[in-house]
$ cat coords22.cif   # mmCIF, C-alpha atoms
data_work
loop_
_atom_site.label_atom_id
_atom_site.label_comp_id
_atom_site.auth_asym_id
_atom_site.auth_seq_id
_atom_site.Cartn_x
_atom_site.Cartn_y
_atom_site.Cartn_z
CA MET Q 1 29.73 26.12 -19.98
CA SER Q 2 26.03 26.53 -19.34
CA ARG Q 3 23.98 23.47 -18.65
CA GLN Q 4 21.84 22.42 -21.57
CA LYS Q 5 18.50 20.74 -21.40
CA GLU Q 6 18.80 16.99 -21.96
CA GLU Q 7 17.80 15.83 -25.40
CA PRO Q 8 15.02 13.26 -25.38
CA VAL Q 9 15.93 9.62 -26.01
CA PHE Q 10 13.17 7.41 -27.36
CA ASN Q 11 12.91 3.74 -26.54
CA ARG Q 12 10.90 0.64 -27.42
CA VAL Q 13 11.66 -1.32 -24.27
CA GLU Q 14 8.03 -1.96 -23.35
CA GLU Q 15 7.04 -2.99 -26.86
CA LEU Q 16 9.96 -5.41 -27.24
CA ARG Q 17 9.59 -6.77 -23.72
CA LEU Q 18 5.91 -7.54 -24.24
CA ALA Q 19 6.68 -9.13 -27.61
CA ARG Q 20 8.95 -11.55 -25.74
CA ASP Q 21 6.33 -12.16 -23.08
CA LEU Q 22 8.56 -10.88 -20.30
CA THR Q 23 7.39 -9.15 -17.14
CA ARG Q 24 9.23 -6.09 -15.88
CA GLN Q 25 10.56 -8.16 -13.01
CA GLN Q 26 11.95 -10.78 -15.39
CA LEU Q 27 13.66 -8.18 -17.55
CA ALA Q 28 14.95 -6.41 -14.44
CA ASP Q 29 16.44 -9.68 -13.17
CA ARG Q 30 18.14 -10.29 -16.51
CA VAL Q 31 19.81 -6.90 -16.61
CA GLY Q 32 20.41 -6.60 -12.85
CA VAL Q 33 18.27 -3.63 -11.90
CA HIS Q 34 15.31 -2.98 -9.60
CA TYR Q 35 11.99 -3.77 -11.27
CA GLN Q 36 10.87 -0.17 -10.83
CA THR Q 37 13.80 1.04 -12.89
CA ILE Q 38 12.38 -0.80 -15.91
CA GLY Q 39 9.05 0.94 -15.28
CA TYR Q 40 10.72 4.35 -15.03
CA LEU Q 41 12.58 3.63 -18.25
CA GLU Q 42 9.50 2.50 -20.16
CA ARG Q 43 7.51 5.52 -19.01
CA GLY Q 44 10.27 7.80 -20.22
CA GLU Q 45 11.14 9.01 -16.74
CA TYR Q 46 14.70 7.73 -16.71
CA SER Q 47 17.53 7.68 -19.23
CA PRO Q 48 19.78 4.61 -18.92
CA SER Q 49 23.56 4.59 -19.01
CA LEU Q 50 25.28 3.10 -22.03
CA ILE Q 51 26.09 -0.10 -20.17
CA LEU Q 52 22.47 -0.55 -19.05
CA ALA Q 53 21.24 0.17 -22.57
CA LEU Q 54 23.63 -2.50 -23.89
CA LYS Q 55 22.45 -5.01 -21.28
CA ILE Q 56 18.79 -4.33 -22.12
CA ALA Q 57 19.49 -4.70 -25.83
CA LYS Q 58 21.26 -7.99 -25.17
CA ALA Q 59 18.48 -9.25 -22.91
CA LEU Q 60 15.92 -8.46 -25.59
CA ASP Q 61 18.20 -9.81 -28.32
CA VAL Q 62 18.24 -6.65 -30.42
CA GLU Q 63 20.79 -4.06 -31.47
CA ILE Q 64 20.92 -0.71 -29.66
CA PRO Q 65 19.46 1.33 -32.59
CA GLU Q 66 16.42 -0.95 -32.62
CA ILE Q 67 15.56 -0.07 -29.04
CA PHE Q 68 16.97 3.40 -28.33
CA SER Q 69 16.97 6.41 -30.61
CA ILE Q 70 17.21 10.17 -30.49
CA LYS Q 71 14.47 10.29 -33.11
CA PRO Q 72 10.93 9.05 -32.43
CA PHE Q 73 10.21 5.50 -33.58
CA LYS Q 74 7.44 4.93 -36.06
CA GLY Q 75 4.25 4.13 -34.20
CA GLY Q 76 5.43 6.14 -31.21
CA ALA Q 77 7.60 5.21 -28.28
CA ARG Q 78 8.54 6.64 -24.94
CA ASN Q 79 11.13 9.34 -24.78
CA VAL Q 80 13.57 9.80 -21.93
CA MET R 1 23.52 -16.79 -3.38
CA SER R 2 25.44 -18.43 -0.57
CA GLU R 3 24.25 -18.05 3.01
CA GLN R 4 27.61 -16.58 3.95
CA LYS R 5 27.36 -13.87 1.27
CA ASN R 6 23.80 -13.17 2.36
CA LYS R 7 25.05 -12.36 5.86
CA THR R 8 27.63 -9.87 4.63
CA PHE R 9 27.69 -6.79 6.83
CA PHE R 10 28.70 -3.46 5.29
CA TRP R 11 30.53 -1.67 8.10
CA ILE R 12 30.64 1.79 6.58
CA GLU R 13 26.93 1.80 5.74
CA GLY R 14 25.90 -0.22 8.81
CA VAL R 15 23.60 -2.62 6.96
CA PHE R 16 23.41 -6.31 6.13
CA ARG R 17 23.18 -7.39 2.52
CA ARG R 18 20.04 -9.41 3.24
CA GLU R 19 18.22 -6.53 4.94
CA VAL R 20 18.85 -4.23 1.96
CA GLU R 21 17.79 -6.90 -0.53
CA HIS R 22 14.68 -7.60 1.52
CA ALA R 23 13.83 -3.90 1.81
CA LEU R 24 14.24 -3.37 -1.94
CA SER R 25 11.78 -6.11 -2.80
CA ALA R 26 9.41 -5.87 0.19
CA ASN R 27 5.77 -5.24 -0.53
CA ARG R 28 4.11 -6.19 2.74
CA TYR R 29 2.94 -2.69 3.66
CA PRO R 30 2.22 -0.87 0.36
CA ALA R 31 1.02 2.24 2.22
CA LEU R 32 4.54 2.75 3.56
CA TYR R 33 5.74 3.59 0.04
CA GLN R 34 3.15 6.27 -0.67
CA GLN R 35 4.29 9.88 -0.69
CA PRO R 36 1.65 11.25 1.74
CA VAL R 37 2.61 8.59 4.30
CA ARG R 38 6.32 9.21 3.81
CA ARG R 39 5.90 12.97 4.14
CA THR R 40 3.78 12.57 7.25
CA MET R 41 6.57 10.49 8.81
CA VAL R 42 9.15 13.15 7.89
CA ALA R 43 7.04 15.88 9.50
CA LEU R 44 6.48 13.74 12.59
CA TYR R 45 10.18 12.92 12.82
CA ALA R 46 11.12 16.61 12.66
CA ALA R 47 8.44 17.50 15.24
CA LEU R 48 9.57 14.77 17.65
CA SER R 49 13.19 15.86 17.30
CA ILE R 50 12.19 19.38 18.30
CA VAL R 51 10.15 18.06 21.23
CA LEU R 52 13.13 16.01 22.41
CA ALA R 53 15.49 18.96 22.08
CA LEU R 54 13.11 21.18 24.05
CA ALA R 55 11.94 18.52 26.51
CA GLN R 56 13.46 20.38 29.45
CA SER R 57 11.47 23.50 28.67
CA ILE R 58 8.23 21.60 28.08
CA GLY R 59 8.06 19.40 31.17
CA THR R 60 8.49 20.01 34.87
CA ASP R 61 11.37 18.40 36.75
CA GLN R 62 9.26 15.28 37.32
CA THR R 63 7.71 14.93 33.88
CA PHE R 64 10.81 15.90 31.91
CA ILE R 65 12.47 12.48 31.99
CA TYR R 66 9.19 10.81 31.08
CA ILE R 67 8.59 13.12 28.08
CA ALA R 68 12.19 12.80 26.88
CA THR R 69 12.24 9.01 27.17
CA VAL R 70 8.90 8.47 25.41
CA THR R 71 9.90 10.92 22.67
CA ALA R 72 13.27 9.20 22.21
CA VAL R 73 11.62 5.77 21.89
CA LEU R 74 9.09 7.13 19.37
CA LEU R 75 11.91 8.77 17.40
CA VAL R 76 13.92 5.57 17.16
CA THR R 77 10.81 3.66 16.06
CA LEU R 78 10.05 6.30 13.44
CA PHE R 79 13.68 6.27 12.32
CA ILE R 80 13.41 2.55 11.54
CA ALA R 81 10.07 3.01 9.73
CA LEU R 82 11.42 5.97 7.75
CA ARG R 83 14.42 3.97 6.53
CA LEU R 84 12.17 1.09 5.49
CA SER R 85 9.79 3.46 3.68
CA VAL R 86 12.68 4.48 1.39
CA ARG R 87 13.78 0.85 1.07
CA LEU R 88 17.12 1.57 2.82
CA ILE R 89 18.30 3.35 -0.34
CA ALA R 90 19.91 6.08 1.76
CA ASP R 91 21.97 3.49 3.66
CA ALA R 92 22.67 0.90 1.00
CA PRO R 93 26.11 0.40 -0.56
CA SER R 94 26.38 1.02 -4.31
CA GLU R 95 26.88 -2.65 -5.10
CA LEU R 96 23.37 -3.46 -3.89
CA LEU R 97 21.68 -0.69 -5.89
CA ASP R 98 21.20 -0.17 -9.59
CA GLU R 99 22.42 2.95 -11.39
CA ARG R 100 19.13 4.85 -10.99
CA LEU R 101 19.00 4.17 -7.26
CA VAL R 102 22.67 5.10 -6.85
CA ALA R 103 21.98 8.41 -8.61
CA ILE R 104 18.97 9.06 -6.35
CA ARG R 105 21.01 8.21 -3.23
CA ASP R 106 23.91 10.44 -4.26
CA ARG R 107 21.67 13.42 -5.01
CA THR R 108 20.05 12.90 -1.61
CA TYR R 109 23.42 13.03 0.16
CA LEU R 110 24.31 16.26 -1.62
CA SER R 111 21.11 17.83 -0.31
CA ALA R 112 21.63 16.33 3.14
CA TYR R 113 25.12 17.82 3.31
CA ARG R 114 23.77 21.26 2.46
CA TRP R 115 21.01 20.98 5.07
CA LEU R 116 23.53 19.82 7.65
CA SER R 117 25.73 22.81 6.89
CA LEU R 118 22.75 25.03 7.59
CA ILE R 119 21.81 23.18 10.78
CA PHE R 120 25.35 23.31 12.14
CA GLY R 121 25.66 26.94 11.12
CA VAL R 122 22.61 27.76 13.21
CA TRP R 123 23.95 25.56 16.02
CA VAL R 124 27.31 27.34 16.06
CA GLY R 125 25.51 30.68 15.90
CA MET R 126 23.58 29.73 19.03
CA ALA R 127 26.59 28.19 20.76
CA ILE R 128 28.65 31.38 20.67
CA HIS R 129 25.94 33.23 22.59
CA PRO R 130 27.03 33.70 26.24
CA ASP R 131 23.76 32.30 27.61
CA PHE R 132 23.87 29.17 25.46
CA SER R 133 23.60 25.90 27.35
CA LEU R 134 22.96 22.31 26.33
CA GLY R 135 20.89 21.95 29.46
CA ASP R 136 21.18 19.57 32.35
CA PRO R 137 21.07 16.74 31.54
CA TRP R 138 22.44 17.37 28.06
CA TRP R 139 21.46 14.07 26.41
CA PRO R 140 17.99 15.05 25.06
CA THR R 141 19.39 18.03 23.12
CA VAL R 142 22.42 16.15 21.82
CA GLY R 143 20.24 13.08 21.17
CA ALA R 144 17.80 15.13 19.10
CA LEU R 145 20.65 16.54 17.03
CA ALA R 146 22.13 13.06 16.55
CA MET R 147 18.76 11.70 15.39
CA ILE R 148 18.42 14.54 12.87
CA VAL R 149 21.92 13.89 11.56
CA ALA R 150 21.31 10.14 11.32
CA GLY R 151 17.88 10.48 9.76
CA LEU R 152 18.41 13.42 7.42
CA PRO R 153 19.23 11.44 4.23
CA SER R 154 16.19 9.20 4.72
CA MET R 155 14.04 12.25 5.53
CA ILE R 156 15.07 14.01 2.32
CA LEU R 157 14.59 10.88 0.28
CA ALA R 158 11.18 10.18 1.84
CA TRP R 159 10.08 13.73 1.10
CA ARG R 160 11.19 13.64 -2.51
CA LEU R 161 10.34 10.17 -3.75
CA PRO R 162 7.05 9.87 -5.62
CA SER R 163 4.50 7.27 -4.57
CA GLU R 164 5.39 3.80 -5.77
CA ARG R 165 3.12 2.08 -8.22
CA SER R 166 1.90 -1.40 -7.46
CA ARG R 167 3.75 -4.33 -9.02
CA GLY R 168 0.82 -4.80 -11.37
CA GLU R 169 1.32 -1.30 -12.73
CA ASP R 170 5.10 -1.59 -12.71
#
$ encode --input "coords22.cif" --output "structure tokens"
Amino acid sequence: MSRQKEEPVFNRVEELRLARDLTRQQLADRVGVHYQTIGYLERGEYSPSLILALKIAKALDVEIPEIFSIKPFKGGARNV
Amino acid sequence: MSEQKNKTFFWIEGVFRREVEHALSANRYPALYQQPVRRTMVALYAALSIVLALAQSIGTDQTFIYIATVTAVLLVTLFIALRLSVRLIADAPSELLDERLVAIRDRTYLSAYRWLSLIFGVWVGMAIHPDFSLGDPWWPTVGALAMIVAGLPSMILAWRLPSERSRGED
């Protein structure tokens, strides 16, 4: 099978994190990743695994569809 | 975290838990994490390895030991700096890294393996030549090869990683 280009995944991590007044370091500590990984994710330079996406959703107290989507969010959000 | 757990030594990787955790969060020398600095160190490391391997041809009988010893000391120092510049990611066990860092480390080892195959292929190609010799003494040549093998994952990682943003930006 030929390798296909990855489909973009859009996220609202930065928006939801800022709404909860959390720094990247604080969110990183809550989900157990390096603080730069949160930055990569928010800038759309990294696509998280399902388990990390679930942890982020839990840390931000939202459901997965509210934070990650294969369609752009209204108002714009980063894609990965 | 308990003091005992903090002192855990990972035998396969050859690192302490605390040194990896410290390297991952260190921010004392921000310049160390910038791509131009990392790439300069990689180039210097490769150049010093070549100098060490060819030390016998460069120096006279009297200066050879001096050149080889100074080069070896510089190489070991640079080896330590190179590992720190990539935050020990190349040496860290998976349990101390997050999924992104594990993916980066694993891709690095794939590349390192391919480069090593090439290096050893060239080495074997040279070794089958009738005039091939490790030299006398043999330790600078073998030492240079050992330093390349030990440092290759960190070299590849240091070459590839983009410059880190400051904590304010990240």
$ interface_residues --input "coords22.cif" --of "chain Q" --to "chain R" --cutoff "7 Å" --atoms "all atoms listed in the file" --output "PyMOL selection string"
chain Q and resi 24+33-34+36-37+39
$ residues_around --input "coords22.cif" --residues "region 55-58 of chain R" --least-positions-apart "2" --cutoff "10 Å" --atoms "all atoms listed in the file" --output "VMD selection string"
chain R and resid 48 to 53 60 to 61 63 to 69 71 135 to 138 140 to 141
$ atom_distance --input "coords22.cif" --atom1 "CA of Val76 (chain R)" --atom2 "CA of Gly151 (chain R)"
9.7 Å
$ closest_residue --input "coords22.cif" --among "R:Met147, R:Ala46, R:Ile104, R:Ala72" --to "Val86 (chain R)" --atoms "only C-alpha atoms"
R:Ile104
$ residues_around --input "coords22.cif" --residues "Lys58 (chain Q)" --least-positions-apart "4" --cutoff "12 Å" --atoms "only C-alpha atoms" --output "list in words"
Val13, Leu16, Arg17, Leu27, Arg30, Val31, Ile51, Leu52, Ala53, Leu54, Val62, Glu63, Ile64, Glu66 and Ile67 of chain Q
$ resolve_selection --input "coords22.cif" --expression "the PyMOL selection byres ((chain R and resi 159-163) around 10)" --output "list of chain:residue names"
R:Pro30, R:Ala31, R:Leu32, R:Tyr33, R:Gln34, R:Gln35, R:Pro36, R:Val37, R:Arg38, R:Arg39, R:Thr40, R:Met41, R:Val42, R:Ala43, R:Val86, R:Ile104, R:Thr108, R:Pro153, R:Ser154, R:Met155, R:Ile156, R:Leu157, R:Ala158, R:Glu164, R:Arg165, R:Ser166
$ atom_distance --input "coords22.cif" --atom1 "CA of Glu15 (chain Q)" --atom2 "CA of Leu60 (chain Q)"
10.5 Å
